[in-house]
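Shown here: run-v9.pdb, PDB, C-alpha atoms, pLDDT in the B column.
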```pdb
MODEL        1
ATOM      1  CA  GLY A  48      75.875 106.611  84.235  1.00 83.00           C
ATOM      2  CA  ASP A  49      77.217 106.347  87.755  1.00 88.00           C
ATOM      3  CA  SER A  50      79.472 109.191  88.820  1.00 92.00           C
ATOM      4  CA  VAL A  51      80.686 111.406  91.641  1.00 96.00           C
ATOM      5  CA  THR A  52      81.216 115.146  91.490  1.00 96.00           C
ATOM      6  CA  GLN A  53      83.117 117.002  94.169  1.00 95.00           C
ATOM      7  CA  MET A  54      84.161 120.588  94.588  1.00 89.00           C
ATOM      8  CA  GLU A  55      87.381 121.629  92.970  1.00 87.00           C
ATOM      9  CA  GLY A  56      90.309 122.647  95.071  1.00 87.00           C
ATOM     10  CA  PRO A  57      92.566 123.582  96.423  1.00 95.00           C
ATOM     11  CA  VAL A  58      90.829 124.599  99.603  1.00 96.00           C
ATOM     12  CA  THR A  59      93.031 126.657 101.898  1.00 97.00           C
ATOM     13  CA  LEU A  60      92.028 127.161 105.521  1.00 97.00           C
ATOM     14  CA  SER A  61      93.609 128.378 108.692  1.00 97.00           C
ATOM     15  CA  GLU A  62      94.002 125.965 111.576  1.00 97.00           C
ATOM     16  CA  GLU A  63      90.789 125.524 113.610  1.00 97.00           C
ATOM     17  CA  ALA A  64      88.577 126.715 110.742  1.00 97.00           C
ATOM     18  CA  PHE A  65      85.417 124.864 109.724  1.00 98.00           C
ATOM     19  CA  LEU A  66      85.696 122.594 106.696  1.00 97.00           C
ATOM     20  CA  THR A  67      83.101 121.616 104.119  1.00 97.00           C
ATOM     21  CA  ILE A  68      83.912 119.691 100.945  1.00 97.00           C
ATOM     22  CA  ASN A  69      80.883 119.174  98.740  1.00 97.00           C
ATOM     23  CA  CYS A  70      80.150 115.873  97.036  1.00 98.00           C
ATOM     24  CA  THR A  71      77.167 114.860  94.919  1.00 97.00           C
ATOM     25  CA  TYR A  72      76.555 111.606  93.131  1.00 96.00           C
ATOM     26  CA  THR A  73      74.578 109.968  90.364  1.00 95.00           C
ATOM     27  CA  ALA A  74      73.868 106.284  90.728  1.00 91.00           C
ATOM     28  CA  THR A  75      71.645 103.617  89.222  1.00 85.00           C
ATOM     29  CA  GLY A  76      70.455 101.923  92.370  1.00 82.00           C
ATOM     30  CA  TYR A  77      71.409 102.362  95.989  1.00 82.00           C
ATOM     31  CA  PRO A  78      75.088 103.003  96.491  1.00 91.00           C
ATOM     32  CA  SER A  79      77.279 103.021  99.544  1.00 91.00           C
ATOM     33  CA  LEU A  80      79.213 106.247  99.915  1.00 94.00           C
ATOM     34  CA  PHE A  81      82.760 106.842 101.090  1.00 94.00           C
ATOM     35  CA  TRP A  82      85.348 109.474 101.765  1.00 96.00           C
ATOM     36  CA  TYR A  83      88.971 108.487 101.212  1.00 95.00           C
ATOM     37  CA  VAL A  84      92.034 110.550 102.101  1.00 96.00           C
ATOM     38  CA  GLN A  85      95.390 110.498 100.340  1.00 93.00           C
ATOM     39  CA  TYR A  86      98.447 111.919 102.049  1.00 91.00           C
ATOM     40  CA  PRO A  87     101.463 112.806  99.900  1.00 84.00           C
ATOM     41  CA  GLY A  88     103.230 109.714  98.611  1.00 79.00           C
ATOM     42  CA  GLU A  89     100.751 107.350 100.192  1.00 83.00           C
ATOM     43  CA  GLY A  90      97.823 105.225  99.090  1.00 84.00           C
ATOM     44  CA  LEU A  91      94.177 105.894  99.674  1.00 90.00           C
ATOM     45  CA  GLN A  92      92.946 105.493 103.227  1.00 92.00           C
ATOM     46  CA  LEU A  93      89.318 105.032 104.138  1.00 91.00           C
ATOM     47  CA  LEU A  94      88.172 108.014 106.195  1.00 96.00           C
ATOM     48  CA  LEU A  95      84.474 107.248 106.661  1.00 95.00           C
ATOM     49  CA  LYS A  96      81.523 105.544 105.021  1.00 93.00           C
ATOM     50  CA  ALA A  97      77.723 105.376 104.946  1.00 94.00           C
ATOM     51  CA  THR A  98      75.690 102.561 103.501  1.00 89.00           C
ATOM     52  CA  LYS A  99      72.126 103.871 103.366  1.00 90.00           C
ATOM     53  CA  ALA A 100      70.108 107.057 103.340  1.00 92.00           C
ATOM     54  CA  ASP A 101      70.374 109.239 106.457  1.00 95.00           C
ATOM     55  CA  ASP A 102      73.387 107.304 107.757  1.00 95.00           C
ATOM     56  CA  LYS A 103      76.125 109.489 109.178  1.00 97.00           C
ATOM     57  CA  GLY A 104      79.712 108.367 108.821  1.00 96.00           C
ATOM     58  CA  SER A 105      82.272 109.795 111.210  1.00 97.00           C
ATOM     59  CA  ASN A 106      85.954 109.387 112.001  1.00 96.00           C
ATOM     60  CA  LYS A 107      88.737 111.569 113.445  1.00 95.00           C
ATOM     61  CA  GLY A 108      86.368 114.535 113.785  1.00 97.00           C
ATOM     62  CA  PHE A 109      85.172 114.295 110.179  1.00 98.00           C
ATOM     63  CA  GLU A 110      81.497 113.669 109.418  1.00 98.00           C
ATOM     64  CA  ALA A 111      79.333 113.133 106.351  1.00 98.00           C
ATOM     65  CA  THR A 112      75.627 112.358 106.051  1.00 98.00           C
ATOM     66  CA  TYR A 113      74.134 110.306 103.225  1.00 97.00           C
ATOM     67  CA  ARG A 114      71.368 112.524 101.777  1.00 96.00           C
ATOM     68  CA  LYS A 115      69.310 110.622  99.252  1.00 94.00           C
ATOM     69  CA  GLU A 116      66.960 113.525  98.531  1.00 94.00           C
ATOM     70  CA  THR A 117      69.820 115.761  97.440  1.00 96.00           C
ATOM     71  CA  THR A 118      72.129 112.904  96.315  1.00 96.00           C
ATOM     72  CA  SER A 119      74.886 114.388  98.429  1.00 97.00           C
ATOM     73  CA  PHE A 120      77.554 113.287 100.903  1.00 98.00           C
ATOM     74  CA  HIS A 121      79.313 116.449 101.998  1.00 98.00           C
ATOM     75  CA  LEU A 122      82.395 116.145 104.228  1.00 98.00           C
ATOM     76  CA  GLU A 123      82.613 118.398 107.290  1.00 98.00           C
ATOM     77  CA  LYS A 124      84.976 119.003 110.174  1.00 98.00           C
ATOM     78  CA  GLY A 125      84.486 121.559 112.856  1.00 97.00           C
ATOM     79  CA  SER A 126      88.129 122.449 113.467  1.00 96.00           C
ATOM     80  CA  VAL A 127      90.830 121.463 110.994  1.00 97.00           C
ATOM     81  CA  GLN A 128      94.463 120.864 111.863  1.00 97.00           C
ATOM     82  CA  VAL A 129      97.621 121.233 109.811  1.00 96.00           C
ATOM     83  CA  SER A 130      97.874 117.445 109.804  1.00 95.00           C
ATOM     84  CA  ASP A 131      94.575 117.264 107.877  1.00 97.00           C
ATOM     85  CA  SER A 132      96.308 118.658 104.792  1.00 97.00           C
ATOM     86  CA  ALA A 133      95.776 116.021 102.099  1.00 96.00           C
ATOM     87  CA  VAL A 134      93.652 115.195  99.072  1.00 96.00           C
ATOM     88  CA  TYR A 135      90.125 114.008  99.822  1.00 97.00           C
ATOM     89  CA  PHE A 136      88.165 111.753  97.475  1.00 96.00           C
ATOM     90  CA  CYS A 137      84.452 111.089  97.538  1.00 97.00           C
ATOM     91  CA  ALA A 138      83.455 107.704  96.139  1.00 94.00           C
ATOM     92  CA  LEU A 139      80.524 105.377  95.659  1.00 93.00           C
ATOM     93  CA  ILE A 140      80.167 101.675  95.168  1.00 89.00           C
ATOM     94  CA  LEU A 141      77.102  99.861  93.958  1.00 83.00           C
ATOM     95  CA  TYR A 142      75.491  96.782  95.435  1.00 72.00           C
ATOM     96  CA  ASN A 143      77.688  94.355  93.518  1.00 70.00           C
ATOM     97  CA  PHE A 144      80.764  95.783  95.312  1.00 62.00           C
ATOM     98  CA  ASN A 145      83.188  95.359  92.470  1.00 74.00           C
ATOM     99  CA  LYS A 146      83.766  98.881  91.231  1.00 84.00           C
ATOM    100  CA  PHE A 147      84.352 102.190  92.958  1.00 88.00           C
ATOM    101  CA  TYR A 148      83.526 105.471  91.247  1.00 92.00           C
ATOM    102  CA  PHE A 149      85.713 108.284  92.555  1.00 94.00           C
ATOM    103  CA  GLY A 150      85.430 112.020  92.349  1.00 95.00           C
ATOM    104  CA  SER A 151      88.388 113.984  91.047  1.00 94.00           C
ATOM    105  CA  GLY A 152      89.629 114.845  94.531  1.00 95.00           C
ATOM    106  CA  THR A 153      89.847 118.041  96.579  1.00 96.00           C
ATOM    107  CA  LYS A 154      93.174 119.189  97.909  1.00 96.00           C
ATOM    108  CA  LEU A 155      93.035 120.698 101.394  1.00 97.00           C
ATOM    109  CA  ASN A 156      95.801 122.954 102.654  1.00 97.00           C
ATOM    110  CA  VAL A 157      95.645 123.938 106.316  1.00 97.00           C
ATOM    111  CA  LYS A 158      97.920 126.759 107.403  1.00 97.00           C
ATOM    112  CA  PRO A 159      99.100 127.217 111.000  1.00 95.00           C
TER     113      PRO A 159
ATOM    114  CA  GLY B 100     102.189  91.410 105.200  1.00 55.00           C
ATOM    115  CA  ALA B 101      99.905  93.819 106.941  1.00 75.00           C
ATOM    116  CA  GLY B 102      99.008  95.852 103.872  1.00 90.00           C
ATOM    117  CA  VAL B 103      98.771  95.742 100.113  1.00 94.00           C
ATOM    118  CA  SER B 104     102.249  95.880  98.641  1.00 95.00           C
ATOM    119  CA  GLN B 105     102.978  97.200  95.170  1.00 96.00           C
ATOM    120  CA  SER B 106     106.217  97.145  93.243  1.00 97.00           C
ATOM    121  CA  PRO B 107     108.053  98.873  91.847  1.00 97.00           C
ATOM    122  CA  ARG B 108     107.183 102.115  93.566  1.00 95.00           C
ATOM    123  CA  TYR B 109     108.375 104.117  90.574  1.00 97.00           C
ATOM    124  CA  LYS B 110     108.915 103.058  86.983  1.00 98.00           C
ATOM    125  CA  VAL B 111     110.258 105.073  84.092  1.00 98.00           C
ATOM    126  CA  ALA B 112     109.717 103.470  80.700  1.00 98.00           C
ATOM    127  CA  LYS B 113     110.674 104.540  77.233  1.00 97.00           C
ATOM    128  CA  ARG B 114     107.780 104.817  74.820  1.00 97.00           C
ATOM    129  CA  GLY B 115     107.176 101.447  73.221  1.00 98.00           C
ATOM    130  CA  GLN B 116     108.634  99.475  76.124  1.00 98.00           C
ATOM    131  CA  ASP B 117     106.630  96.785  77.937  1.00 98.00           C
ATOM    132  CA  VAL B 118     106.168  97.085  81.707  1.00 98.00           C
ATOM    133  CA  ALA B 119     104.883  94.798  84.460  1.00 98.00           C
ATOM    134  CA  LEU B 120     103.481  96.089  87.735  1.00 98.00           C
ATOM    135  CA  ARG B 121     103.083  93.801  90.707  1.00 98.00           C
ATOM    136  CA  CYS B 122     100.506  93.732  93.480  1.00 98.00           C
ATOM    137  CA  ASP B 123     100.725  91.610  96.624  1.00 97.00           C
ATOM    138  CA  PRO B 124      97.316  91.728  98.307  1.00 96.00           C
ATOM    139  CA  ILE B 125      96.611  91.110 101.959  1.00 93.00           C
ATOM    140  CA  SER B 126      96.782  87.415 102.684  1.00 92.00           C
ATOM    141  CA  GLY B 127      93.378  85.804 102.386  1.00 90.00           C
ATOM    142  CA  HIS B 128      91.793  88.625 100.456  1.00 92.00           C
ATOM    143  CA  VAL B 129      89.690  87.149  97.708  1.00 91.00           C
ATOM    144  CA  SER B 130      88.937  90.301  95.748  1.00 91.00           C
ATOM    145  CA  LEU B 131      91.581  92.358  93.967  1.00 94.00           C
ATOM    146  CA  PHE B 132      91.215  95.537  91.951  1.00 94.00           C
ATOM    147  CA  TRP B 133      93.396  97.692  89.757  1.00 97.00           C
ATOM    148  CA  TYR B 134      92.814 101.415  89.315  1.00 96.00           C
ATOM    149  CA  GLN B 135      94.551 104.057  87.213  1.00 97.00           C
ATOM    150  CA  GLN B 136      95.012 107.533  88.683  1.00 94.00           C
ATOM    151  CA  ALA B 137      96.098 110.250  86.291  1.00 93.00           C
ATOM    152  CA  LEU B 138      97.744 113.351  87.711  1.00 89.00           C
ATOM    153  CA  GLY B 139      95.201 115.516  89.515  1.00 86.00           C
ATOM    154  CA  GLN B 140      92.372 113.065  88.962  1.00 89.00           C
ATOM    155  CA  GLY B 141      90.527 110.459  90.944  1.00 91.00           C
ATOM    156  CA  PRO B 142      91.281 106.769  90.480  1.00 93.00           C
ATOM    157  CA  GLU B 143      89.498 105.053  87.618  1.00 95.00           C
ATOM    158  CA  PHE B 144      88.582 101.394  87.597  1.00 93.00           C
ATOM    159  CA  LEU B 145      90.594  99.080  85.380  1.00 96.00           C
ATOM    160  CA  THR B 146      89.807  95.511  86.353  1.00 96.00           C
ATOM    161  CA  TYR B 147      88.556  93.212  89.115  1.00 93.00           C
ATOM    162  CA  PHE B 148      89.480  89.683  90.180  1.00 94.00           C
ATOM    163  CA  GLN B 149      87.777  87.281  92.494  1.00 92.00           C
ATOM    164  CA  ASN B 150      90.416  84.701  93.318  1.00 94.00           C
ATOM    165  CA  GLU B 151      92.023  83.870  89.962  1.00 96.00           C
ATOM    166  CA  ALA B 152      88.970  84.762  87.899  1.00 96.00           C
ATOM    167  CA  GLN B 153      88.945  88.127  86.161  1.00 96.00           C
ATOM    168  CA  LEU B 154      85.285  89.049  86.502  1.00 93.00           C
ATOM    169  CA  ASP B 155      85.363  92.554  85.100  1.00 92.00           C
ATOM    170  CA  LYS B 156      87.913  94.090  82.762  1.00 94.00           C
ATOM    171  CA  SER B 157      85.688  96.772  81.354  1.00 93.00           C
ATOM    172  CA  GLY B 158      87.985  99.571  82.467  1.00 94.00           C
ATOM    173  CA  LEU B 159      91.108  98.445  80.636  1.00 97.00           C
ATOM    174  CA  PRO B 160      91.723 101.275  78.151  1.00 95.00           C
ATOM    175  CA  SER B 161      93.091  99.195  75.297  1.00 95.00           C
ATOM    176  CA  ASP B 162      94.269  95.725  74.353  1.00 96.00           C
ATOM    177  CA  ARG B 163      97.775  96.819  75.358  1.00 98.00           C
ATOM    178  CA  PHE B 164      96.673  96.397  78.973  1.00 98.00           C
ATOM    179  CA  PHE B 165      96.544  92.928  80.436  1.00 97.00           C
ATOM    180  CA  ALA B 166      96.110  91.744  84.024  1.00 98.00           C
ATOM    181  CA  GLU B 167      96.461  88.322  85.568  1.00 98.00           C
ATOM    182  CA  ARG B 168      96.222  86.630  88.936  1.00 97.00           C
ATOM    183  CA  PRO B 169      97.056  83.012  88.138  1.00 96.00           C
ATOM    184  CA  GLU B 170      97.062  81.576  91.667  1.00 94.00           C
ATOM    185  CA  GLY B 171      94.511  83.857  93.232  1.00 92.00           C
ATOM    186  CA  SER B 172      97.021  85.884  95.225  1.00 94.00           C
ATOM    187  CA  VAL B 173      99.684  88.043  93.538  1.00 97.00           C
ATOM    188  CA  SER B 174      98.505  89.997  90.523  1.00 98.00           C
ATOM    189  CA  THR B 175     100.429  91.549  87.663  1.00 98.00           C
ATOM    190  CA  LEU B 176      99.274  94.383  85.444  1.00 98.00           C
ATOM    191  CA  LYS B 177     101.131  94.388  82.149  1.00 98.00           C
ATOM    192  CA  ILE B 178     101.212  97.244  79.691  1.00 98.00           C
ATOM    193  CA  GLN B 179     102.606  96.557  76.271  1.00 98.00           C
ATOM    194  CA  ARG B 180     104.142  99.151  73.944  1.00 98.00           C
ATOM    195  CA  THR B 181     103.710 101.934  76.507  1.00 98.00           C
ATOM    196  CA  GLN B 182     102.514 105.329  75.354  1.00 97.00           C
ATOM    197  CA  GLN B 183     102.838 108.708  77.034  1.00 97.00           C
ATOM    198  CA  GLU B 184      99.161 108.694  77.944  1.00 96.00           C
ATOM    199  CA  ASP B 185      99.805 105.608  80.077  1.00 97.00           C
ATOM    200  CA  SER B 186     101.728 107.777  82.547  1.00 97.00           C
ATOM    201  CA  ALA B 187      99.793 107.580  85.815  1.00 97.00           C
ATOM    202  CA  VAL B 188      99.774 106.035  89.268  1.00 95.00           C
ATOM    203  CA  TYR B 189      98.468 102.475  89.202  1.00 97.00           C
ATOM    204  CA  LEU B 190      96.716 101.499  92.407  1.00 96.00           C
ATOM    205  CA  CYS B 191      95.901  98.041  93.620  1.00 96.00           C
ATOM    206  CA  ALA B 192      93.290  97.288  96.271  1.00 93.00           C
ATOM    207  CA  SER B 193      92.128  94.100  97.921  1.00 93.00           C
ATOM    208  CA  SER B 194      89.280  93.020 100.135  1.00 89.00           C
ATOM    209  CA  PHE B 195      87.991  89.938 101.839  1.00 85.00           C
ATOM    210  CA  ARG B 196      85.154  88.466  99.779  1.00 73.00           C
ATOM    211  CA  GLY B 197      84.294  91.787  98.145  1.00 64.00           C
ATOM    212  CA  ASP B 198      83.479  93.345 101.487  1.00 65.00           C
ATOM    213  CA  ARG B 199      82.521  96.864 100.519  1.00 64.00           C
ATOM    214  CA  TYR B 200      83.686  98.170 103.881  1.00 65.00           C
ATOM    215  CA  GLY B 201      87.083  96.603 103.877  1.00 69.00           C
ATOM    216  CA  TYR B 202      88.996  97.651 100.794  1.00 84.00           C
ATOM    217  CA  THR B 203      92.681  98.318 101.430  1.00 89.00           C
ATOM    218  CA  PHE B 204      94.660 100.250  98.857  1.00 91.00           C
ATOM    219  CA  GLY B 205      98.361  99.962  98.173  1.00 93.00           C
ATOM    220  CA  SER B 206     100.616 102.987  97.781  1.00 91.00           C
ATOM    221  CA  GLY B 207     100.672 102.583  94.036  1.00 94.00           C
ATOM    222  CA  THR B 208     103.224 102.427  91.252  1.00 96.00           C
ATOM    223  CA  ARG B 209     103.979 105.716  89.533  1.00 96.00           C
ATOM    224  CA  LEU B 210     104.622 105.019  85.855  1.00 98.00           C
ATOM    225  CA  THR B 211     106.249 107.694  83.740  1.00 98.00           C
ATOM    226  CA  VAL B 212     106.571 107.061  80.009  1.00 98.00           C
ATOM    227  CA  VAL B 213     109.198 109.204  78.299  1.00 97.00           C
TER     228      VAL B 213
ENDMDL
END
```
Can you dump the structure from the file as structure tokens?
Amino acid sequence: GDSVTQMEGPVTLSEEAFLTINCTYTATGYPSLFWYVQYPGEGLQLLLKATKADDKGSNKGFEATYRKETTSFHLEKGSVQVSDSAVYFCALILYNFNKFYFGSGTKLNVKP
Amino acid sequence: GAGVSQSPRYKVAKRGQDVALRCDPISGHVSLFWYQQALGQGPEFLTYFQNEAQLDKSGLPSDRFFAERPEGSVSTLKIQRTQQEDSAVYLCASSFRGDRYGYTFGSGTRLTVV
């Protein structure tokens, strides 16, 4: 079945460190891929997206590249800030657009 | 309003009690979704509406769960005879015409069954 697997957290980094959060997927068909971020007490916010193989999504210094050959969509940021502390969810949606599949989330803690 | 509004923000229910959770989508958004997010987990799909039509309810965990959107705008998720395992955050999301790029999530309702 369709699913998303992402690395378990929490991930603890010092400010300005490099971030990678791994995400792999299984999908019947050609999904679009997303990263959502959830700050404490808030709803999910779209961070970035990619709709086809080799697309790179980017926003606020975060990047992820849709890799069909490895079925991956790893999230990266070159220099994290304390304000990036949140839970990050990888997700996919299939062509019919009516159901997201989310990973279990990765909590990021950035220390000053 | 500018975003998806959910109410109440928090709900404590005694086991066996019925609850109703409300979602006000963004005006004009045709598609509406409900998700259930257990503690420490990712959201899981419950049901999907396009206007007033419930097109997919495959994620509803039991017949105690019921969702409606009678006029194609506000939606209500009802849980009858609540159980402890129903404790979770219930998220609502809406989009314009099922636009896969434009889903907006609400802040959720945290349901605690005691």
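Here atom CA of A:Leu141 is placed at a distance of 24.6 Å from atom CA of B:Ser161.
Protein, DNA and RNA residues at most 7 Å from (94.5, 93.6, 101.9), with all atoms listed in the file, are these: B:Gly102, B:Val103, B:Pro124, B:Ile125, B:Ser126, B:His128, B:Ala192, B:Ser193, B:Ser194, B:Tyr202, B:Thr203.
Here, the PyMOL selection byres ((chain A) within 6 of (chain B)) matches Glu89, Gly90, Leu91, Phe144, Phe149, Gly150, Ser151 and Gly152 of chain A.
This file, filtered with the PyMOL selection byres ((chain A and resi 110-116) around 9), gives the residues Ser79, Leu80, Phe81, Trp82, Leu95, Lys96, Ala97, Thr98, Lys99, Ala100, Asp101, Asp102, Lys103, Gly104, Ser105, Asn106, Lys107, Gly108, Phe109, Thr117, Thr118, Ser119, Phe120, His121, Leu122, Glu123 and Lys124 of chain A.
Between atom CA of A:Gly88 and atom CA of A:Thr153 the separation is 15.9 Å.
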Inset, instruction - Go through the shown structure with the PyMOL selection byres ((chain A and resi 134) around 10) and write out the matching residues as a VMD selection string. - result: (chain A and resid 56 to 58 83 to 87 91 131 to 133 135 to 136 151 to 156) or (chain B and resid 139 141)
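Our summary of the geometry notes that atom CA of B:Arg168 is positioned 5.1 Å from atom CA of B:Glu151.
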Legend entry - All residues 7 Å or closer to A:Phe147, only C-alpha atoms, same chain fewer than 5 positions away omitted, as a PyMOL selection string: (chain A and resi 138-140) or (chain B and resi 144)
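Residue nearest A:Thr71 within the list A:Ser50, A:Thr59, A:Asn143, A:Gln128: A:Ser50 [criterion: smallest interatomic distance, only C-alpha atoms].
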Inset, instruction - Would you list the residues near (104.8, 104.1, 76.7), meaning any protein, DNA or RNA residue with an atom at most 8 Å from that point in file coordinates, counting all atoms listed in the file, as a ChimeraX atom specification? - result: /B:112-117,179-186,212-213
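With all atoms listed in the file as the atoms that count, the minimum distance from A:Thr75 to the choices A:Glu55, A:Leu93, A:Tyr142, A:Leu60 is reached by A:Tyr142.
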Legend entry - Long-range neighbours of B:Leu176 as a ChimeraX atom specification, 6 Å cut-off, all atoms listed in the file, 4 positions minimum in chain: /B:119-120,165-166
